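Below is structure_11.cif, which holds mmCIF, C-alpha atoms.
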```
data_target
#
loop_
_atom_site.label_atom_id
_atom_site.label_comp_id
_atom_site.auth_asym_id
_atom_site.auth_seq_id
_atom_site.Cartn_x
_atom_site.Cartn_y
_atom_site.Cartn_z
CA MET X 422 0.00 0.00 0.00
CA GLY X 423 1.04 3.58 -0.62
CA ARG X 424 1.86 6.36 1.76
CA TRP X 425 -1.71 7.49 2.26
CA GLN X 426 -5.05 5.79 2.86
CA PRO X 427 -6.27 5.48 -0.71
CA GLY X 428 -9.80 5.76 -2.09
CA ALA X 429 -11.46 3.30 -4.46
CA GLN X 430 -9.67 4.64 -7.55
CA GLU X 431 -6.21 4.28 -6.02
CA ARG X 432 -7.07 0.86 -4.59
CA LEU X 433 -8.21 -0.28 -8.05
CA GLN X 434 -4.94 0.94 -9.58
CA GLN X 435 -2.90 -0.85 -6.96
CA ALA X 436 -4.95 -4.06 -7.31
CA ALA X 437 -4.69 -3.98 -11.11
CA LEU X 438 -0.91 -3.54 -11.04
CA GLU X 439 -0.54 -6.41 -8.57
CA LEU X 440 -2.70 -8.74 -10.64
CA PHE X 441 -1.09 -7.76 -13.97
CA ALA X 442 2.29 -8.59 -12.38
CA GLU X 443 1.11 -11.86 -10.82
CA GLN X 444 -1.08 -13.23 -13.62
CA GLY X 445 -0.28 -11.19 -16.72
CA PHE X 446 -2.42 -8.50 -18.32
CA GLU X 447 -4.49 -10.81 -20.53
CA GLN X 448 -5.30 -13.22 -17.73
CA THR X 449 -6.54 -10.52 -15.37
CA SER X 450 -10.28 -9.75 -15.34
CA VAL X 451 -12.16 -6.68 -14.21
CA ALA X 452 -13.95 -8.92 -11.70
CA GLY X 453 -10.60 -10.01 -10.26
CA ILE X 454 -9.36 -6.42 -9.97
CA ALA X 455 -12.56 -5.30 -8.25
CA GLU X 456 -12.39 -8.21 -5.82
CA ARG X 457 -8.76 -7.53 -4.89
CA ALA X 458 -9.58 -3.86 -4.35
CA GLY X 459 -12.58 -4.75 -2.21
CA VAL X 460 -15.13 -2.98 -4.41
CA THR X 461 -17.89 -4.10 -6.78
CA GLU X 462 -17.49 -4.37 -10.56
CA ARG X 463 -19.97 -1.54 -10.79
CA THR X 464 -17.56 0.66 -8.84
CA PHE X 465 -14.76 -0.36 -11.21
CA PHE X 466 -16.76 0.83 -14.21
CA ARG X 467 -17.62 4.07 -12.44
CA HIS X 468 -13.87 4.86 -12.52
CA TYR X 469 -12.56 3.12 -15.66
CA ALA X 470 -13.93 2.09 -19.06
CA ASP X 471 -11.86 -1.13 -19.10
CA LYS X 472 -8.78 -2.73 -17.53
CA ARG X 473 -6.44 -1.03 -20.03
CA GLU X 474 -7.55 2.42 -18.92
CA VAL X 475 -6.51 1.73 -15.32
CA LEU X 476 -2.93 2.06 -16.59
CA PHE X 477 -3.64 5.37 -18.33
CA ALA X 478 -5.79 7.19 -15.82
CA GLY X 479 -4.79 10.69 -14.81
CA GLN X 480 -3.71 12.04 -18.23
CA ALA X 481 -4.90 15.54 -17.27
CA GLU X 482 -3.10 15.33 -13.91
CA PHE X 483 0.05 14.21 -15.74
CA GLN X 484 -0.05 17.05 -18.29
CA GLN X 485 -1.10 19.89 -16.02
CA PRO X 486 2.25 20.71 -14.35
CA PHE X 487 3.98 20.89 -17.76
CA LEU X 488 1.33 23.31 -19.04
CA ASP X 489 1.03 25.38 -15.86
CA ALA X 490 4.77 26.02 -15.84
CA ILE X 491 4.71 27.25 -19.45
CA VAL X 492 1.80 29.57 -18.72
CA ALA X 493 3.35 30.88 -15.49
CA ALA X 494 6.87 31.61 -16.81
CA PRO X 495 8.04 35.25 -16.95
CA ALA X 496 7.51 37.25 -20.16
CA SER X 497 10.06 36.94 -23.00
CA THR X 498 11.33 33.58 -21.80
CA SER X 499 12.95 31.54 -24.61
CA PRO X 500 11.32 28.27 -25.76
CA LEU X 501 14.18 26.38 -24.10
CA ASP X 502 13.57 28.13 -20.78
CA LEU X 503 9.84 27.46 -21.09
CA VAL X 504 10.29 23.72 -21.59
CA THR X 505 12.99 23.59 -18.92
CA ALA X 506 10.52 25.10 -16.46
CA ALA X 507 7.88 22.61 -17.63
CA LEU X 508 10.23 19.65 -17.10
CA GLU X 509 11.32 20.80 -13.63
CA ALA X 510 7.76 21.30 -12.48
CA ALA X 511 6.39 18.11 -14.01
CA CYS X 512 9.18 15.85 -12.70
CA THR X 513 8.77 17.29 -9.20
CA ALA X 514 5.00 16.77 -9.34
CA PHE X 515 5.35 13.25 -10.74
CA GLU X 516 7.58 12.07 -7.90
CA GLN X 517 5.13 13.42 -5.35
CA ARG X 518 2.29 11.46 -6.91
CA ARG X 519 3.87 8.09 -7.75
CA THR X 520 6.54 5.96 -6.13
CA ARG X 521 9.32 4.52 -8.27
CA GLU X 522 8.03 1.03 -7.44
CA GLN X 523 4.54 1.84 -8.72
CA ALA X 524 5.97 3.29 -11.92
CA ARG X 525 8.25 0.28 -12.43
CA ALA X 526 5.37 -2.19 -11.97
CA ARG X 527 3.30 -0.25 -14.51
CA GLN X 528 6.13 -0.09 -17.04
CA VAL X 529 6.76 -3.85 -16.93
CA VAL X 530 3.14 -4.45 -17.97
CA ILE X 531 3.23 -1.85 -20.74
CA ASP X 532 6.54 -3.03 -22.20
CA ALA X 533 5.15 -6.55 -22.52
CA HIS X 534 2.18 -5.55 -24.73
CA PRO X 535 2.44 -3.70 -28.06
CA GLY X 536 -1.17 -2.56 -27.70
CA LEU X 537 -0.35 -0.93 -24.36
CA ARG X 538 2.82 0.60 -25.77
CA GLU X 539 0.79 2.16 -28.61
CA ARG X 540 -1.56 3.63 -26.01
CA GLU X 541 1.39 5.00 -24.01
CA LEU X 542 2.79 6.63 -27.15
CA LEU X 543 -0.58 8.26 -27.82
CA LYS X 544 -0.52 9.64 -24.27
CA LEU X 545 2.92 11.16 -24.87
CA ALA X 546 1.82 12.53 -28.25
CA ALA X 547 -1.11 14.21 -26.51
CA LEU X 548 1.33 15.75 -24.02
CA SER X 549 3.46 17.02 -26.89
CA ASP X 550 0.42 18.51 -28.66
CA ALA X 551 -0.72 20.21 -25.47
CA MET X 552 2.75 21.65 -24.80
CA ALA X 553 3.08 22.88 -28.38
CA GLY X 554 -0.28 24.61 -27.93
CA ALA X 555 0.84 26.21 -24.65
CA LEU X 556 4.09 27.39 -26.27
CA ASN X 557 2.08 28.87 -29.16
CA GLY X 558 0.03 30.67 -26.52
CA ARG X 559 3.28 32.17 -25.24
CA GLY X 560 4.06 33.56 -28.69
CA VAL X 561 6.39 30.79 -29.91
CA ALA X 562 5.92 30.18 -33.66
CA PRO X 563 4.40 26.81 -34.70
CA LEU X 564 7.59 25.04 -35.89
CA PRO X 565 9.83 25.87 -32.91
CA ALA X 566 6.86 25.25 -30.58
CA ARG X 567 6.40 21.77 -32.02
CA LEU X 568 10.15 21.04 -31.90
CA ALA X 569 10.53 22.36 -28.34
CA ALA X 570 7.53 20.33 -27.14
CA GLU X 571 8.95 17.15 -28.68
CA LEU X 572 12.35 17.94 -27.18
CA ALA X 573 10.71 18.14 -23.75
CA VAL X 574 8.89 14.82 -24.21
CA ASN X 575 12.14 13.26 -25.45
CA VAL X 576 13.97 14.45 -22.31
CA PHE X 577 11.12 13.34 -20.02
CA VAL X 578 10.97 9.85 -21.54
CA ALA X 579 14.76 9.41 -21.40
CA ALA X 580 14.91 10.59 -17.77
CA PHE X 581 11.94 8.42 -16.85
CA GLY X 582 13.61 5.37 -18.40
CA LEU X 583 16.75 6.00 -16.36
CA TRP X 584 14.73 6.62 -13.18
CA LEU X 585 13.09 3.19 -13.51
CA GLY X 586 16.44 1.43 -13.98
CA ALA X 587 17.48 -1.23 -11.47
CA GLY X 588 19.59 0.27 -8.71
CA GLU X 589 18.94 3.87 -9.83
CA HIS X 590 18.60 6.17 -6.82
CA ARG X 591 18.89 9.66 -8.31
CA ASP X 592 15.59 11.50 -8.39
CA LEU X 593 13.62 12.25 -11.54
CA VAL X 594 14.42 15.96 -11.46
CA ALA X 595 18.18 15.29 -11.37
CA LEU X 596 17.92 12.74 -14.20
CA GLN X 597 15.85 15.16 -16.27
CA ARG X 598 18.60 17.78 -15.88
CA LEU X 599 21.18 15.23 -16.97
CA ALA X 600 19.13 14.18 -20.03
CA LEU X 601 18.45 17.79 -21.03
CA GLU X 602 22.13 18.65 -20.74
CA GLN X 603 23.08 15.63 -22.87
CA LEU X 604 20.45 16.40 -25.49
CA ARG X 605 21.77 19.95 -25.74
CA ALA X 606 25.29 18.59 -26.16
CA VAL X 607 24.07 16.26 -28.94
CA ALA X 608 22.30 19.16 -30.68
CA GLN X 609 25.45 21.27 -30.45
CA GLY X 610 27.44 18.50 -32.08
CA SER X 611 29.75 18.54 -29.09
CA HIS X 612 28.97 15.17 -27.59
CA MET Q 1210 -1.65 6.16 -61.01
CA GLY Q 1211 1.98 6.69 -60.14
CA ARG Q 1212 4.99 7.23 -62.32
CA TRP Q 1213 5.64 3.57 -62.95
CA GLN Q 1214 3.51 0.55 -63.88
CA PRO Q 1215 2.85 -0.85 -60.45
CA GLY Q 1216 2.51 -4.46 -59.30
CA ALA Q 1217 -0.30 -5.88 -57.19
CA GLN Q 1218 1.06 -4.50 -53.93
CA GLU Q 1219 1.29 -0.93 -55.24
CA ARG Q 1220 -2.12 -1.21 -56.92
CA LEU Q 1221 -3.64 -2.38 -53.61
CA GLN Q 1222 -2.08 0.58 -51.80
CA GLN Q 1223 -3.39 3.02 -54.37
CA ALA Q 1224 -6.87 1.42 -54.35
CA ALA Q 1225 -7.01 1.44 -50.54
CA LEU Q 1226 -6.03 5.12 -50.34
CA GLU Q 1227 -8.65 6.04 -52.94
CA LEU Q 1228 -11.40 4.12 -51.15
CA PHE Q 1229 -10.43 5.37 -47.67
CA ALA Q 1230 -10.66 8.92 -49.07
CA GLU Q 1231 -13.96 8.33 -50.90
CA GLN Q 1232 -15.82 6.20 -48.34
CA GLY Q 1233 -13.89 6.52 -45.10
CA PHE Q 1234 -11.63 3.92 -43.48
CA GLU Q 1235 -14.36 2.09 -41.54
CA GLN Q 1236 -16.69 1.79 -44.55
CA THR Q 1237 -14.01 0.31 -46.81
CA SER Q 1238 -13.78 -3.48 -47.04
CA VAL Q 1239 -10.93 -5.72 -48.13
CA ALA Q 1240 -13.22 -7.03 -50.89
CA GLY Q 1241 -13.72 -3.48 -52.15
CA ILE Q 1242 -9.99 -2.75 -52.13
CA ALA Q 1243 -9.21 -5.96 -54.01
CA GLU Q 1244 -11.92 -5.23 -56.57
CA ARG Q 1245 -10.66 -1.69 -57.22
CA ALA Q 1246 -7.10 -2.99 -57.59
CA GLY Q 1247 -8.27 -5.72 -60.00
CA VAL Q 1248 -7.03 -8.62 -57.86
CA THR Q 1249 -8.68 -11.31 -55.74
CA GLU Q 1250 -9.13 -11.08 -51.97
CA ARG Q 1251 -6.71 -13.96 -51.73
CA THR Q 1252 -4.07 -11.80 -53.41
CA PHE Q 1253 -4.84 -9.03 -50.92
CA PHE Q 1254 -4.16 -11.35 -48.00
CA ARG Q 1255 -0.95 -12.57 -49.60
CA HIS Q 1256 0.35 -9.00 -49.23
CA TYR Q 1257 -1.40 -7.60 -46.13
CA ALA Q 1258 -2.84 -9.02 -42.90
CA ASP Q 1259 -5.72 -6.52 -42.89
CA LYS Q 1260 -6.78 -3.16 -44.34
CA ARG Q 1261 -4.94 -1.23 -41.60
CA GLU Q 1262 -1.61 -2.76 -42.58
CA VAL Q 1263 -1.90 -1.43 -46.15
CA LEU Q 1264 -1.17 1.98 -44.63
CA PHE Q 1265 1.88 0.71 -42.74
CA ALA Q 1266 3.54 -1.53 -45.28
CA GLY Q 1267 7.21 -1.00 -46.01
CA GLN Q 1268 8.46 -0.34 -42.47
CA ALA Q 1269 11.81 -1.96 -43.29
CA GLU Q 1270 12.10 0.05 -46.51
CA PHE Q 1271 11.29 3.20 -44.54
CA GLN Q 1272 13.91 2.54 -41.85
CA GLN Q 1273 16.71 1.24 -44.01
CA PRO Q 1274 18.12 4.52 -45.40
CA PHE Q 1275 18.31 6.00 -41.88
CA LEU Q 1276 20.23 2.97 -40.63
CA ASP Q 1277 22.45 2.55 -43.69
CA ALA Q 1278 23.62 6.15 -43.44
CA ILE Q 1279 24.57 5.70 -39.78
CA VAL Q 1280 26.51 2.54 -40.55
CA ALA Q 1281 28.24 4.07 -43.59
CA ALA Q 1282 29.38 7.36 -41.99
CA PRO Q 1283 33.12 7.98 -41.53
CA ALA Q 1284 34.79 6.98 -38.28
CA SER Q 1285 34.66 9.34 -35.27
CA THR Q 1286 31.60 11.17 -36.60
CA SER Q 1287 29.62 12.89 -33.81
CA PRO Q 1288 26.08 11.70 -32.96
CA LEU Q 1289 24.74 14.90 -34.53
CA ASP Q 1290 26.61 14.24 -37.78
CA LEU Q 1291 25.39 10.63 -37.77
CA VAL Q 1292 21.73 11.60 -37.46
CA THR Q 1293 22.17 14.44 -39.93
CA ALA Q 1294 23.47 11.93 -42.48
CA ALA Q 1295 20.56 9.62 -41.64
CA LEU Q 1296 18.00 12.39 -42.19
CA GLU Q 1297 19.54 13.52 -45.48
CA ALA Q 1298 19.60 9.98 -46.86
CA ALA Q 1299 16.15 9.02 -45.63
CA CYS Q 1300 14.41 12.17 -46.86
CA THR Q 1301 16.01 11.76 -50.29
CA ALA Q 1302 14.94 8.10 -50.43
CA PHE Q 1303 11.43 8.89 -49.23
CA GLU Q 1304 10.78 11.43 -51.96
CA GLN Q 1305 11.93 8.96 -54.58
CA ARG Q 1306 9.47 6.36 -53.33
CA ARG Q 1307 6.34 8.37 -52.59
CA THR Q 1308 4.73 11.41 -54.14
CA ARG Q 1309 3.54 14.24 -51.92
CA GLU Q 1310 -0.03 13.53 -53.03
CA GLN Q 1311 0.19 9.88 -51.96
CA ALA Q 1312 1.63 10.89 -48.60
CA ARG Q 1313 -1.08 13.54 -48.11
CA ALA Q 1314 -3.88 11.09 -48.91
CA ARG Q 1315 -2.44 8.61 -46.41
CA GLN Q 1316 -2.06 11.23 -43.69
CA VAL Q 1317 -5.66 12.40 -43.98
CA VAL Q 1318 -6.84 8.86 -43.23
CA ILE Q 1319 -4.45 8.40 -40.31
CA ASP Q 1320 -5.24 11.74 -38.71
CA ALA Q 1321 -8.94 10.88 -38.69
CA HIS Q 1322 -8.52 7.67 -36.64
CA PRO Q 1323 -6.89 7.47 -33.19
CA GLY Q 1324 -6.24 3.75 -33.72
CA LEU Q 1325 -4.28 4.53 -36.89
CA ARG Q 1326 -2.44 7.36 -35.17
CA GLU Q 1327 -1.38 4.94 -32.39
CA ARG Q 1328 -0.09 2.56 -35.05
CA GLU Q 1329 1.83 5.39 -36.76
CA LEU Q 1330 3.42 6.36 -33.45
CA LEU Q 1331 4.51 2.75 -32.92
CA LYS Q 1332 6.13 2.81 -36.36
CA LEU Q 1333 8.06 5.95 -35.44
CA ALA Q 1334 9.04 4.47 -32.07
CA ALA Q 1335 10.40 1.42 -33.90
CA LEU Q 1336 12.43 3.75 -36.14
CA SER Q 1337 13.79 5.52 -33.06
CA ASP Q 1338 14.70 2.20 -31.40
CA ALA Q 1339 16.45 1.00 -34.56
CA MET Q 1340 18.42 4.24 -34.92
CA ALA Q 1341 19.42 4.19 -31.25
CA GLY Q 1342 20.68 0.65 -31.83
CA ALA Q 1343 22.64 1.72 -34.91
CA LEU Q 1344 24.16 4.67 -33.00
CA ASN Q 1345 25.14 2.30 -30.18
CA GLY Q 1346 26.81 0.17 -32.83
CA ARG Q 1347 28.84 3.24 -33.80
CA GLY Q 1348 30.08 3.60 -30.22
CA VAL Q 1349 27.58 6.23 -29.02
CA ALA Q 1350 26.65 5.62 -25.35
CA PRO Q 1351 23.04 4.56 -24.62
CA LEU Q 1352 21.68 7.87 -23.33
CA PRO Q 1353 23.01 10.15 -26.10
CA ALA Q 1354 22.13 7.45 -28.65
CA ARG Q 1355 18.52 7.42 -27.45
CA LEU Q 1356 18.36 11.23 -27.36
CA ALA Q 1357 19.95 11.63 -30.80
CA ALA Q 1358 17.62 9.03 -32.33
CA GLU Q 1359 14.56 10.79 -30.90
CA LEU Q 1360 15.92 14.11 -32.09
CA ALA Q 1361 16.13 12.69 -35.63
CA VAL Q 1362 12.56 11.34 -35.48
CA ASN Q 1363 11.39 14.69 -34.12
CA VAL Q 1364 13.04 16.52 -37.05
CA PHE Q 1365 11.70 14.02 -39.59
CA VAL Q 1366 8.13 14.29 -38.29
CA ALA Q 1367 8.24 18.09 -38.20
CA ALA Q 1368 9.68 18.28 -41.73
CA PHE Q 1369 7.18 15.73 -42.99
CA GLY Q 1370 4.30 17.74 -41.51
CA LEU Q 1371 5.52 20.87 -43.28
CA TRP Q 1372 6.05 18.97 -46.55
CA LEU Q 1373 2.40 17.82 -46.52
CA GLY Q 1374 1.10 21.36 -45.94
CA ALA Q 1375 -1.21 22.93 -48.52
CA GLY Q 1376 0.77 24.96 -51.05
CA GLU Q 1377 4.15 23.73 -49.75
CA HIS Q 1378 6.59 23.24 -52.63
CA ARG Q 1379 9.99 22.93 -50.92
CA ASP Q 1380 11.31 19.39 -50.97
CA LEU Q 1381 11.55 17.15 -47.91
CA VAL Q 1382 15.35 17.40 -47.71
CA ALA Q 1383 15.21 21.21 -47.60
CA LEU Q 1384 12.47 21.16 -44.95
CA GLN Q 1385 14.42 18.65 -42.89
CA ARG Q 1386 17.43 21.01 -42.92
CA LEU Q 1387 15.20 23.85 -41.81
CA ALA Q 1388 13.66 21.80 -38.98
CA LEU Q 1389 17.07 20.54 -37.80
CA GLU Q 1390 18.44 24.07 -37.78
CA GLN Q 1391 15.46 25.33 -35.79
CA LEU Q 1392 15.68 22.45 -33.32
CA ARG Q 1393 19.36 23.23 -32.77
CA ALA Q 1394 18.45 26.88 -32.18
CA VAL Q 1395 15.81 25.85 -29.64
CA ALA Q 1396 18.29 23.57 -27.85
CA GLN Q 1397 20.85 26.39 -27.74
CA GLY Q 1398 18.27 28.67 -26.15
CA SER Q 1399 18.85 31.11 -28.95
CA HIS Q 1400 15.50 30.96 -30.69
#
```
What do you get writing this file as structure tokens?
Amino acid sequence: MGRWQPGAQERLQQAALELFAEQGFEQTSVAGIAERAGVTERTFFRHYADKREVLFAGQAEFQQPFLDAIVAAPASTSPLDLVTAALEAACTAFEQRRTREQARARQVVIDAHPGLRERELLKLAALSDAMAGALNGRGVAPLPARLAAELAVNVFVAAFGLWLGAGEHRDLVALQRLALEQLRAVAQGSH
Amino acid sequence: MGRWQPGAQERLQQAALELFAEQGFEQTSVAGIAERAGVTERTFFRHYADKREVLFAGQAEFQQPFLDAIVAAPASTSPLDLVTAALEAACTAFEQRRTREQARARQVVIDAHPGLRERELLKLAALSDAMAGALNGRGVAPLPARLAAELAVNVFVAAFGLWLGAGEHRDLVALQRLALEQLRAVAQGSH
């Protein structure tokens, strides 16, 4: 169990991750998830459309810190500074909401199923679209806005992959700084 | 019809794109595609598993120029130079294989269906994975290899989006150079 006394939605997430790990994604039923979480199937469907969506709940919560940071940045901030602020804020928020163990358990399930990986990529594409829109709103032209948003997603995904690695103890914010620095070095041709 | 006398596979692709545009993706059947292409359904299934895969055929052909360029580059080339070579080669190859009109017709169908967009994202993720592997093979460490590969995909996608734009006449190679230059400017904080 997590660090707080969770409600039905959190209990369902925890139960689903446990069962996906124990039995595999395909073999796990909604009925089984509801039972493990101590709720009815009806309660399950009040929170999620199907068992796949349990893994992708909270898209808005995930995106919001990226977008808020872009909106809140001082005037005449460069696109790089805008996405840097977005990454700092989002990585900080992410670590407050999820433990590394929860994220690892989720990733193992996703990596094992191409259909889940497609869904994860769509989630990241939606984040990129939303960030490009927010950058546009800050006066960044469409092409650099699109490129800067993708750069931020690229850095987030790379840092997240490192963060999940066995034996990794650095926090997500530190790894994001490392990935951003390395991406900038690659782009400068100086790596 | 294209610039050459196409075989069954190319005729099926052309027929599918026409029917998806005329009737919509959902309303188009394999039987209808085969009929329009002047082949039997059996021939269709010899080439494609289902109507979705007609849109995603040629993944290996698509990836190969990116990977070949990375393998063929001179020794001690930087990751940036490796992905620049990959982008130049792949954009040149792409324009030789597909007309802008074919690519536009395909994109309209994909953009209209989240399931097709997921599949497209998986194709791009596979390209990124393959390029990261090729960069690793050239001695680039895992993190910069991953970041450089994603940077290349980011540039390709941005350039491709511009290339498909209404009234756009610059070629894909020129647009790729523009996108790469702008991404480097963003990464330098100088945009």
Restrict the calculation to all atoms listed in the file, then for each residue of chain Q with any atom at most 8 Å from an atom of chain X give the closest atom pair and their distance in Å to one decimal, rows by chain and rising residue number, as CSV.
```
residue,atom,partner,partner_atom,distance
Q:Ser1287,CA,X:Gly610,CA,6.3
Q:Pro1288,CA,X:Val607,CA,6.4
Q:Leu1289,CA,X:Gly610,CA,5.1
Q:Asp1290,CA,X:Gly610,CA,7.2
Q:Arg1326,CA,X:Leu543,CA,7.6
Q:Glu1327,CA,X:Glu539,CA,5.2
Q:Arg1328,CA,X:Glu539,CA,6.5
Q:Leu1330,CA,X:Leu542,CA,6.3
Q:Leu1331,CA,X:Glu539,CA,5.7
Q:Leu1352,CA,X:Ala579,CA,7.3
Q:Pro1353,CA,X:Gln603,CA,6.4
Q:Arg1355,CA,X:Ala579,CA,7.4
Q:Leu1356,CA,X:Leu604,CA,5.9
Q:Ala1357,CA,X:Val607,CA,6.5
Q:Glu1359,CA,X:Asn575,CA,6.5
Q:Leu1360,CA,X:Leu572,CA,7.2
Q:Asn1363,CA,X:Glu571,CA,6.4
Q:Val1364,CA,X:Leu568,CA,7.4
Q:Ala1367,CA,X:Leu568,CA,7.2
Q:Ala1388,CA,X:Leu564,CA,7.5
Q:Gln1391,CA,X:Pro565,CA,6.3
Q:Leu1392,CA,X:Leu568,CA,5.9
Q:Arg1393,CA,X:Ala608,CA,5.4
Q:Val1395,CA,X:Leu501,CA,5.8
Q:Ala1396,CA,X:Arg605,CA,5.4
Q:Gln1397,CA,X:Arg605,CA,6.8
Q:Gly1398,CA,X:Leu501,CA,5.1
Q:Ser1399,CA,X:Ser499,CA,7.3
Q:His1400,CA,X:Ser499,CA,6.6
```
Quick one: everything within 12 Å of region 527-533 of chain X, counting all atoms listed in the file, minus sequence neighbours fewer than 5 positions away in the same chain. Send it as a ChimeraX atom specification. /X:434-447,449,473-478,519-522,538-542,578,581-582,584-586
Place a sphere of radius 12 Å on (-8.3, -3.7, -59.6) in the file coordinates and name every protein, DNA or RNA residue with an atom inside or on its surface, counting all atoms listed in the file; give the answer as a PyMOL selection string. chain Q and resi 1210+1215-1225+1227-1228+1239-1250+1252-1253
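Taking CA of Glu482 (chain X) as the reference point, CA of Ala526 (chain X) is found at 19.6 Å.
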Using all atoms listed in the file, find the one residue out of Q:Ala1335, Q:Val1382, Q:Leu1344, Q:Ala1361 that sits nearest to Gln1268 (chain Q). Q:Ala1335
Nearest to Leu1296 (chain Q) among Q:Ala1278, Q:Lys1260, Q:Ala1350, Q:Ser1337, with distances taken over all atoms listed in the file: which residue is it? Q:Ala1278
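Here the question is which of Q:Ala1284, Q:Ala1258, Q:Ile1279, Q:Ala1312 gets nearest to Asn1345 (chain Q) using all atoms listed in the file, and that residue is Q:Ile1279.
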